[in-house]
Amino acid sequence: FTTPVLGLTFYWVGNTIGNAKTGLYSTGINNDWSNPDNWTLISGLYTGANTCIPGPHDDVVFDASSFNAGGGTVDIDLVVQGCNNMLWTGIPAGISLDGSLTETNRELIVFGDLELHGNLDNQFEALITFSAHDVGTRTITNNGAQFFGRIDFEFSGGTWSILDNMDMNGGTRADVNFISGTVLANAIIFDGPDTQTSRQEILSNGSPFYNLSINRETNGGGNANFCELEDPLTVDSDLNIQRGGLADRGFQITGNAFGNLTIEDAARIVLGESGLLTTFPTDFLSVNIDLNERGRTYYNSDLTQIVSSVPTYGALYLQNHDGSLVDKILDGPITINDILSIGNYNNFMDDGFQITGDAGEELQMDPNAQLTI
């Protein structure tokens, strides 16, 4: 038989100026997680007797007694630190989790439930791993707080239920990896700034998203404004690309017959890449697809690629970066409400289906492009 490990509940007191009940002050000279003086076993009651810090089986609580009204910071300073449940409740404005932007090789492992607070400025840029001590369902409640670093889900047989929107707002750092277990995602939003030098990455490992939203700060251009897939993606409800873009990198996106697919004006979806072939996200119904007047769809493979007739397109771009002619073939009649751009070394074949444009828009063809009617 295995005896369960019964953990304690630790309360943060590292940012309080003292305790009226004991007359004692926290002697912590910093805001470090690793400092025992920053923790107590009774909310708001610093006794000066604590000699240890929370471990993987212990719960941690940050509450109204943890901070002064002027704010405070919790610095996760250890290379690896774990806890069971983590709760942020009743905290004042101006509270940050690890405001340092200089240390990335760290990891916080949460083995139980996580509940954040809307007043928390989550600036922890390193890795947060959701793991477990046993099978069962853990919950994640965000309450409007955001994530600034990478998120991994990793425990075979574990299940995590995301009860509200999970907002990934750390640019190149804020990737999501579903490594093992099952993630029941209400909605995950990627909206990091466009000033980062590389893309946010999405690794689903077979776990479907419920709602997925891409909402980078600007549409801009180049790699900085994209989220990119690391494996095939399934969306069980809505896929919404509001700003920036989603690049499938040759991994197929599968939708559903009940959800909505929306690409806002000037936002982009990129299908396929060099040596890899995909088509427009499958299983979404035409009536549930809204690509707006200027939502951009790029067929980007250097292999023969089917151009789907399911959506009504905003702007349609056919690209090929290989340098040899490749066919892009229609599978049905289409309507294009903005630009039709046929890039170099693309042969756009209507295959007997009608292409309908907009009288006020352009058909653009590069010097080595072809249109076969």
# chains A, B, ... in the order shown; residues from 1 in each chain; ligands from 1
>>> closest_atom_pairs(of="stretch 65-144 of chain A", to="stretch 28-51 of chain A", cutoff="8 Å", atoms="only C-alpha atoms", output="CSV")
residue,atom,partner,partner_atom,distance
A:Ser65,CA,A:Gly44,CA,4.8
A:Ser66,CA,A:Gly44,CA,6.4
A:Thr73,CA,A:Asn31,CA,6.2
A:Val74,CA,A:Asn31,CA,5.4
A:Asp75,CA,A:Asp32,CA,4.8
A:Ile76,CA,A:Trp33,CA,5.2
A:Asp77,CA,A:Asp32,CA,5.8
A:Leu78,CA,A:Ser34,CA,6.7
>>> residues_around(residues="A:Val307", least_positions_apart="5", cutoff="7 Å", atoms="only C-alpha atoms", output="ChimeraX atom specification")
/A:279,328-331
>>> write_last_selection(atoms="C-alpha atoms", output="PDB file, in the first residue's frame")
ATOM      1  CA  THR A 279      -5.549  22.606 -47.057  1.00  0.00           C
ATOM      2  CA  LYS A 328      -2.902  25.261 -56.974  1.00  0.00           C
ATOM      3  CA  ILE A 329      -6.180  23.544 -57.965  1.00  0.00           C
ATOM      4  CA  LEU A 330      -9.761  24.556 -57.169  1.00  0.00           C
ATOM      5  CA  ASP A 331     -12.162  21.903 -55.861  1.00  0.00           C
TER       6      ASP A 331
END
>>> closest_residue(among="A:Pro208, A:Pro232, A:Gly70, A:Gly82", to="A:Asn186", atoms="only C-alpha atoms")
A:Pro208
>>> residues_around(residues="A:Thr282", least_positions_apart="4", cutoff="8 Å", atoms="only C-alpha atoms", output="list in words")
Ile253, Thr254, Gly255 and Asn256 of chain A
>>> residues_around(residues="A:Leu108", least_positions_apart="3", cutoff="6 Å", atoms="only C-alpha atoms", output="list in words")
Val80, Gln81, Gly82 and Ile128 of chain A
>>> residues_around(residues="A:Gln305", least_positions_apart="4", cutoff="12 Å", atoms="only C-alpha atoms", output="ChimeraX atom specification")
/A:250,271-280,298-301,318-320,326-331,346-349
>>> residues_around(residues="A:Glu361", least_positions_apart="3", cutoff="8 Å", atoms="only C-alpha atoms", output="MDAnalysis selection string")
chainID A and resid 337:339 357:358
>>> residues_around(residues="A:Gly149", least_positions_apart="3", cutoff="8 Å", atoms="only C-alpha atoms", output="list in words")
Gln123, Phe124, Glu125, Ala126, Leu127, Ile128, Met168, Gly170, Arg173, Ala174 and Asp175 of chain A
>>> closest_residue(among="A:Glu107, A:Asp283, A:Asp164, A:Glu115", to="A:Val61", atoms="only C-alpha atoms")
A:Glu115
>>> atom_distance(atom1="atom CA of A:Phe67", atom2="atom CA of A:Leu8")
20.8 Å
>>> atom_distance(atom1="atom CA of A:Asn288", atom2="atom CA of A:Ile263")
11.6 Å
>>> closest_residue(among="A:Thr139, A:Asn68, A:His57, A:Leu120", to="A:Gly14", atoms="only C-alpha atoms")
A:Asn68
>>> atom_distance(atom1="atom CA of A:Leu316", atom2="atom CA of A:Arg294")
9.1 Å
>>> closest_residue(among="A:Phe130, A:Phe251, A:Trp88, A:Phe153", to="A:Glu228", atoms="only C-alpha atoms")
A:Phe251
>>> select_by_dssp(residues="stretch 36-143 of chain A", states="strand (DSSP E)", output="number ranges by chain")
A: 39-40, 59-62, 72-74, 80-83, 86-88, 95-97, 107-110, 114-115, 120-122, 127-130, 136-141
>>> write_last_selection(atoms="N, CA and C atoms", output="CSV table (one decimal), in the first residue's frame")
chain,number,residue,atom,x,y,z
A,39,TRP,N,7.1,33.0,4.4
A,39,TRP,CA,5.9,32.1,4.5
A,39,TRP,C,5.5,31.9,5.9
A,40,THR,N,4.2,31.6,6.1
A,40,THR,CA,3.7,31.2,7.4
A,40,THR,C,2.6,30.1,7.2
A,59,ASP,N,0.0,23.1,-0.4
A,59,ASP,CA,-0.7,24.2,-1.0
A,59,ASP,C,-0.1,25.5,-0.7
A,60,VAL,N,-0.3,26.5,-1.6
A,60,VAL,CA,0.2,27.9,-1.4
A,60,VAL,C,-0.9,28.8,-1.6
A,61,VAL,N,-1.0,29.9,-0.7
A,61,VAL,CA,-2.1,30.8,-0.8
A,61,VAL,C,-1.5,32.2,-0.8
A,62,PHE,N,-1.9,33.1,-1.6
A,62,PHE,CA,-1.6,34.5,-1.6
A,62,PHE,C,-2.9,35.2,-1.5
A,72,GLY,N,3.3,44.5,-4.3
A,72,GLY,CA,4.3,43.6,-3.9
A,72,GLY,C,4.7,42.7,-5.0
A,73,THR,N,5.8,41.9,-4.8
A,73,THR,CA,6.3,41.0,-5.8
A,73,THR,C,6.6,39.7,-5.1
A,74,VAL,N,6.3,38.6,-5.9
A,74,VAL,CA,6.8,37.2,-5.5
A,74,VAL,C,7.8,36.8,-6.5
A,80,VAL,N,14.1,25.0,-9.9
A,80,VAL,CA,12.8,24.2,-10.0
A,80,VAL,C,12.1,24.4,-8.7
A,81,GLN,N,10.8,24.7,-8.7
A,81,GLN,CA,10.0,24.8,-7.5
A,81,GLN,C,8.7,24.3,-7.8
A,82,GLY,N,8.1,23.5,-6.8
A,82,GLY,CA,6.8,22.9,-7.0
A,82,GLY,C,5.9,23.2,-5.9
A,83,CYS,N,4.6,23.0,-6.2
A,83,CYS,CA,3.6,23.1,-5.1
A,83,CYS,C,2.4,22.3,-5.6
A,86,MET,N,-2.4,26.1,-6.0
A,86,MET,CA,-2.0,27.5,-5.8
A,86,MET,C,-3.2,28.4,-6.0
A,87,LEU,N,-3.4,29.2,-5.0
A,87,LEU,CA,-4.6,30.1,-4.9
A,87,LEU,C,-4.2,31.5,-4.7
A,88,TRP,N,-4.6,32.4,-5.6
A,88,TRP,CA,-4.5,33.9,-5.4
A,88,TRP,C,-5.9,34.4,-5.2
A,95,ILE,N,0.2,43.8,-7.7
A,95,ILE,CA,0.9,42.6,-7.3
A,95,ILE,C,1.5,41.9,-8.6
A,96,SER,N,2.8,41.5,-8.5
A,96,SER,CA,3.4,40.8,-9.7
A,96,SER,C,4.0,39.5,-9.2
A,97,LEU,N,4.0,38.5,-10.1
A,97,LEU,CA,4.7,37.3,-9.9
A,97,LEU,C,5.9,37.3,-10.7
A,107,GLU,N,11.7,26.8,-13.5
A,107,GLU,CA,10.5,26.1,-13.8
A,107,GLU,C,9.6,26.0,-12.5
A,108,LEU,N,8.4,26.4,-12.6
A,108,LEU,CA,7.4,26.2,-11.5
A,108,LEU,C,6.5,25.1,-11.9
A,109,ILE,N,6.4,24.0,-11.0
A,109,ILE,CA,5.5,22.9,-11.3
A,109,ILE,C,4.3,23.0,-10.4
A,110,VAL,N,3.1,23.0,-11.0
A,110,VAL,CA,1.9,23.0,-10.2
A,110,VAL,C,1.3,21.6,-10.3
A,114,LEU,N,-4.9,25.5,-10.0
A,114,LEU,CA,-4.4,26.8,-10.0
A,114,LEU,C,-5.6,27.8,-10.2
A,115,GLU,N,-5.6,28.8,-9.3
A,115,GLU,CA,-6.6,29.9,-9.4
A,115,GLU,C,-5.9,31.2,-9.3
A,120,LEU,N,-3.4,40.2,-10.4
A,120,LEU,CA,-2.1,39.7,-10.5
A,120,LEU,C,-1.5,40.1,-11.9
A,121,ASP,N,-0.3,40.7,-11.9
A,121,ASP,CA,0.5,40.9,-13.1
A,121,ASP,C,1.5,39.8,-13.2
A,122,ASN,N,1.2,38.8,-13.9
A,122,ASN,CA,2.0,37.6,-14.0
A,122,ASN,C,3.1,37.8,-15.0
A,127,LEU,N,9.2,28.6,-17.4
A,127,LEU,CA,8.3,27.5,-17.7
A,127,LEU,C,7.4,27.2,-16.5
A,128,ILE,N,6.1,27.1,-16.8
A,128,ILE,CA,5.1,26.6,-15.8
A,128,ILE,C,4.7,25.3,-16.3
A,129,THR,N,4.9,24.2,-15.5
A,129,THR,CA,4.5,22.9,-15.9
A,129,THR,C,3.3,22.5,-15.0
A,130,PHE,N,2.2,22.1,-15.7
A,130,PHE,CA,1.1,21.5,-14.9
A,130,PHE,C,1.3,20.0,-15.0
A,136,GLY,N,-6.7,12.0,-12.4
A,136,GLY,CA,-7.8,12.8,-11.9
A,136,GLY,C,-7.8,14.1,-12.6
A,137,THR,N,-8.8,15.0,-12.3
A,137,THR,CA,-9.0,16.3,-13.0
A,137,THR,C,-8.5,17.4,-12.1
A,138,ARG,N,-7.6,18.2,-12.6
A,138,ARG,CA,-7.2,19.5,-12.0
A,138,ARG,C,-7.9,20.6,-12.7
A,139,THR,N,-8.1,21.7,-12.0
A,139,THR,CA,-8.7,22.9,-12.7
A,139,THR,C,-7.8,24.1,-12.7
A,140,ILE,N,-8.0,24.9,-13.7
A,140,ILE,CA,-7.2,26.1,-13.9
A,140,ILE,C,-8.2,27.2,-14.1
A,141,THR,N,-8.2,28.2,-13.2
A,141,THR,CA,-9.1,29.4,-13.3
A,141,THR,C,-8.2,30.6,-13.4
>>> closest_atom_pairs(of="stretch 293-357 of chain A", to="stretch 234-241 of chain A", cutoff="12 Å", atoms="only C-alpha atoms", output="JSON lines")
{"residue": "A:Gly295", "atom": "CA", "partner": "A:Ile241", "partner_atom": "CA", "distance": 9.0}
{"residue": "A:Arg296", "atom": "CA", "partner": "A:Ile241", "partner_atom": "CA", "distance": 10.3}
{"residue": "A:Thr297", "atom": "CA", "partner": "A:Ile241", "partner_atom": "CA", "distance": 11.2}
>>> write_last_selection(atoms="all heavy atoms", output="JSON list (two decimals), in the first residue's frame")
[["chain", "number", "residue", "atom", "x", "y", "z"],
["A", 295, "GLY", "N", -9.76, 39.64, -44.64],
["A", 295, "GLY", "CA", -9.07, 38.54, -44.00],
["A", 295, "GLY", "C", -8.26, 37.77, -45.04],
["A", 295, "GLY", "O", -8.74, 37.50, -46.14],
["A", 296, "ARG", "N", -7.03, 37.42, -44.73],
["A", 296, "ARG", "CA", -6.10, 36.91, -45.72],
["A", 296, "ARG", "C", -5.87, 35.41, -45.55],
["A", 296, "ARG", "O", -5.57, 34.94, -44.46],
["A", 296, "ARG", "CB", -4.76, 37.64, -45.62],
["A", 296, "ARG", "CG", -4.87, 39.14, -45.76],
["A", 296, "ARG", "CD", -3.53, 39.82, -45.56],
["A", 296, "ARG", "NE", -3.65, 41.27, -45.57],
["A", 296, "ARG", "CZ", -2.62, 42.11, -45.37],
["A", 296, "ARG", "NH1", -1.42, 41.61, -45.15],
["A", 296, "ARG", "NH2", -2.82, 43.40, -45.39],
["A", 297, "THR", "N", -5.99, 34.69, -46.67],
["A", 297, "THR", "CA", -5.70, 33.26, -46.69],
["A", 297, "THR", "C", -4.54, 33.02, -47.65],
["A", 297, "THR", "O", -4.59, 33.44, -48.81],
["A", 297, "THR", "CB", -6.92, 32.44, -47.15],
["A", 297, "THR", "OG1", -8.02, 32.70, -46.27],
["A", 297, "THR", "CG2", -6.61, 30.95, -47.13]]
>>> closest_residue(among="A:Gln364, A:Ser309, A:Thr182, A:Ser131", to="A:Pro333", atoms="only C-alpha atoms")
A:Ser309
>>> decode(residues="stretch 272-287 of chain A", atoms="all heavy atoms", output="PDB file, in the first residue's frame")
ATOM      1  N   GLY A 272       0.251  25.265 -45.162  1.00  0.00           N
ATOM      2  CA  GLY A 272       1.343  24.552 -45.787  1.00  0.00           C
ATOM      3  C   GLY A 272       2.641  25.338 -45.749  1.00  0.00           C
ATOM      4  O   GLY A 272       2.677  26.537 -45.460  1.00  0.00           O
ATOM      5  N   GLU A 273       3.748  24.630 -46.018  1.00  0.00           N
ATOM      6  CA  GLU A 273       5.045  25.271 -46.174  1.00  0.00           C
ATOM      7  C   GLU A 273       5.914  24.384 -47.054  1.00  0.00           C
ATOM      8  O   GLU A 273       5.446  23.390 -47.619  1.00  0.00           O
ATOM      9  CB  GLU A 273       5.707  25.550 -44.827  1.00  0.00           C
ATOM     10  CG  GLU A 273       6.095  24.357 -44.010  1.00  0.00           C
ATOM     11  CD  GLU A 273       6.885  24.771 -42.777  1.00  0.00           C
ATOM     12  OE1 GLU A 273       6.746  25.917 -42.349  1.00  0.00           O
ATOM     13  OE2 GLU A 273       7.639  23.933 -42.265  1.00  0.00           O
ATOM     14  N   SER A 274       7.163  24.721 -47.204  1.00  0.00           N
ATOM     15  CA  SER A 274       8.033  23.994 -48.118  1.00  0.00           C
ATOM     16  C   SER A 274       8.068  22.504 -47.785  1.00  0.00           C
ATOM     17  O   SER A 274       8.406  22.106 -46.671  1.00  0.00           O
ATOM     18  CB  SER A 274       9.447  24.574 -48.039  1.00  0.00           C
ATOM     19  OG  SER A 274      10.322  23.898 -48.906  1.00  0.00           O
ATOM     20  N   GLY A 275       7.668  21.682 -48.748  1.00  0.00           N
ATOM     21  CA  GLY A 275       7.699  20.239 -48.591  1.00  0.00           C
ATOM     22  C   GLY A 275       6.553  19.654 -47.799  1.00  0.00           C
ATOM     23  O   GLY A 275       6.481  18.434 -47.624  1.00  0.00           O
ATOM     24  N   LEU A 276       5.634  20.477 -47.323  1.00  0.00           N
ATOM     25  CA  LEU A 276       4.527  20.014 -46.487  1.00  0.00           C
ATOM     26  C   LEU A 276       3.219  20.558 -47.035  1.00  0.00           C
ATOM     27  O   LEU A 276       3.130  21.734 -47.418  1.00  0.00           O
ATOM     28  CB  LEU A 276       4.717  20.448 -45.038  1.00  0.00           C
ATOM     29  CG  LEU A 276       5.935  19.852 -44.323  1.00  0.00           C
ATOM     30  CD1 LEU A 276       6.145  20.526 -42.975  1.00  0.00           C
ATOM     31  CD2 LEU A 276       5.789  18.342 -44.162  1.00  0.00           C
ATOM     32  N   LEU A 277       2.192  19.706 -47.018  1.00  0.00           N
ATOM     33  CA  LEU A 277       0.947  20.012 -47.718  1.00  0.00           C
ATOM     34  C   LEU A 277      -0.233  19.975 -46.751  1.00  0.00           C
ATOM     35  O   LEU A 277      -0.430  19.004 -46.024  1.00  0.00           O
ATOM     36  CB  LEU A 277       0.729  18.980 -48.830  1.00  0.00           C
ATOM     37  CG  LEU A 277      -0.513  19.133 -49.702  1.00  0.00           C
ATOM     38  CD1 LEU A 277      -0.426  20.413 -50.504  1.00  0.00           C
ATOM     39  CD2 LEU A 277      -0.637  17.923 -50.615  1.00  0.00           C
ATOM     40  N   THR A 278      -1.012  21.050 -46.730  1.00  0.00           N
ATOM     41  CA  THR A 278      -2.281  21.083 -46.002  1.00  0.00           C
ATOM     42  C   THR A 278      -3.295  21.825 -46.858  1.00  0.00           C
ATOM     43  O   THR A 278      -2.962  22.399 -47.889  1.00  0.00           O
ATOM     44  CB  THR A 278      -2.157  21.793 -44.645  1.00  0.00           C
ATOM     45  OG1 THR A 278      -1.629  23.123 -44.852  1.00  0.00           O
ATOM     46  CG2 THR A 278      -1.247  21.034 -43.686  1.00  0.00           C
ATOM     47  N   THR A 279      -4.517  21.822 -46.395  1.00  0.00           N
ATOM     48  CA  THR A 279      -5.549  22.606 -47.057  1.00  0.00           C
ATOM     49  C   THR A 279      -6.289  23.431 -46.006  1.00  0.00           C
ATOM     50  O   THR A 279      -5.911  23.440 -44.833  1.00  0.00           O
ATOM     51  CB  THR A 279      -6.513  21.711 -47.847  1.00  0.00           C
ATOM     52  OG1 THR A 279      -7.372  22.537 -48.649  1.00  0.00           O
ATOM     53  CG2 THR A 279      -7.338  20.832 -46.922  1.00  0.00           C
ATOM     54  N   PHE A 280      -7.307  24.120 -46.458  1.00  0.00           N
ATOM     55  CA  PHE A 280      -8.081  24.975 -45.562  1.00  0.00           C
ATOM     56  C   PHE A 280      -8.639  24.133 -44.410  1.00  0.00           C
ATOM     57  O   PHE A 280      -8.954  22.961 -44.591  1.00  0.00           O
ATOM     58  CB  PHE A 280      -9.217  25.636 -46.345  1.00  0.00           C
ATOM     59  CG  PHE A 280      -9.849  26.800 -45.652  1.00  0.00           C
ATOM     60  CD1 PHE A 280      -9.287  28.056 -45.726  1.00  0.00           C
ATOM     61  CD2 PHE A 280     -11.016  26.636 -44.921  1.00  0.00           C
ATOM     62  CE1 PHE A 280      -9.867  29.138 -45.088  1.00  0.00           C
ATOM     63  CE2 PHE A 280     -11.604  27.698 -44.287  1.00  0.00           C
ATOM     64  CZ  PHE A 280     -11.027  28.955 -44.360  1.00  0.00           C
ATOM     65  N   PRO A 281      -8.743  24.717 -43.185  1.00  0.00           N
ATOM     66  CA  PRO A 281      -9.255  23.945 -42.047  1.00  0.00           C
ATOM     67  C   PRO A 281     -10.539  23.189 -42.395  1.00  0.00           C
ATOM     68  O   PRO A 281     -11.493  23.775 -42.907  1.00  0.00           O
ATOM     69  CB  PRO A 281      -9.491  25.018 -40.987  1.00  0.00           C
ATOM     70  CG  PRO A 281      -8.462  26.054 -41.287  1.00  0.00           C
ATOM     71  CD  PRO A 281      -8.363  26.079 -42.787  1.00  0.00           C
ATOM     72  N   THR A 282     -10.544  21.905 -42.123  1.00  0.00           N
ATOM     73  CA  THR A 282     -11.643  21.048 -42.535  1.00  0.00           C
ATOM     74  C   THR A 282     -12.788  21.075 -41.519  1.00  0.00           C
ATOM     75  O   THR A 282     -12.623  21.486 -40.376  1.00  0.00           O
ATOM     76  CB  THR A 282     -11.165  19.599 -42.708  1.00  0.00           C
ATOM     77  OG1 THR A 282     -10.691  19.113 -41.439  1.00  0.00           O
ATOM     78  CG2 THR A 282     -10.035  19.527 -43.719  1.00  0.00           C
ATOM     79  N   ASP A 283     -13.952  20.622 -41.953  1.00  0.00           N
ATOM     80  CA  ASP A 283     -15.137  20.343 -41.142  1.00  0.00           C
ATOM     81  C   ASP A 283     -15.923  21.570 -40.709  1.00  0.00           C
ATOM     82  O   ASP A 283     -17.041  21.433 -40.204  1.00  0.00           O
ATOM     83  CB  ASP A 283     -14.790  19.502 -39.906  1.00  0.00           C
ATOM     84  CG  ASP A 283     -14.287  18.113 -40.279  1.00  0.00           C
ATOM     85  OD1 ASP A 283     -14.375  17.757 -41.466  1.00  0.00           O
ATOM     86  OD2 ASP A 283     -13.806  17.388 -39.399  1.00  0.00           O
ATOM     87  N   PHE A 284     -15.386  22.781 -40.851  1.00  0.00           N
ATOM     88  CA  PHE A 284     -16.212  23.968 -40.636  1.00  0.00           C
ATOM     89  C   PHE A 284     -17.190  24.098 -41.802  1.00  0.00           C
ATOM     90  O   PHE A 284     -16.819  23.904 -42.964  1.00  0.00           O
ATOM     91  CB  PHE A 284     -15.360  25.242 -40.549  1.00  0.00           C
ATOM     92  CG  PHE A 284     -14.566  25.384 -39.282  1.00  0.00           C
ATOM     93  CD1 PHE A 284     -13.190  25.207 -39.293  1.00  0.00           C
ATOM     94  CD2 PHE A 284     -15.185  25.704 -38.082  1.00  0.00           C
ATOM     95  CE1 PHE A 284     -12.445  25.350 -38.140  1.00  0.00           C
ATOM     96  CE2 PHE A 284     -14.453  25.840 -36.917  1.00  0.00           C
ATOM     97  CZ  PHE A 284     -13.079  25.660 -36.944  1.00  0.00           C
ATOM     98  N   LEU A 285     -18.429  24.449 -41.511  1.00  0.00           N
ATOM     99  CA  LEU A 285     -19.422  24.643 -42.556  1.00  0.00           C
ATOM    100  C   LEU A 285     -19.307  26.038 -43.156  1.00  0.00           C
ATOM    101  O   LEU A 285     -18.939  26.994 -42.466  1.00  0.00           O
ATOM    102  CB  LEU A 285     -20.825  24.434 -41.984  1.00  0.00           C
ATOM    103  CG  LEU A 285     -21.128  23.066 -41.367  1.00  0.00           C
ATOM    104  CD1 LEU A 285     -22.584  23.014 -40.908  1.00  0.00           C
ATOM    105  CD2 LEU A 285     -20.817  21.934 -42.335  1.00  0.00           C
ATOM    106  N   SER A 286     -19.673  26.156 -44.436  1.00  0.00           N
ATOM    107  CA  SER A 286     -19.572  27.452 -45.121  1.00  0.00           C
ATOM    108  C   SER A 286     -20.322  28.548 -44.378  1.00  0.00           C
ATOM    109  O   SER A 286     -19.846  29.686 -44.272  1.00  0.00           O
ATOM    110  CB  SER A 286     -20.109  27.333 -46.547  1.00  0.00           C
ATOM    111  OG  SER A 286     -19.344  26.448 -47.318  1.00  0.00           O
ATOM    112  N   VAL A 287     -21.498  28.226 -43.854  1.00  0.00           N
ATOM    113  CA  VAL A 287     -22.314  29.241 -43.182  1.00  0.00           C
ATOM    114  C   VAL A 287     -21.683  29.712 -41.886  1.00  0.00           C
ATOM    115  O   VAL A 287     -22.063  30.762 -41.350  1.00  0.00           O
ATOM    116  CB  VAL A 287     -23.741  28.712 -42.907  1.00  0.00           C
ATOM    117  CG1 VAL A 287     -24.464  28.451 -44.210  1.00  0.00           C
ATOM    118  CG2 VAL A 287     -23.697  27.455 -42.043  1.00  0.00           C
TER     119      VAL A 287
END
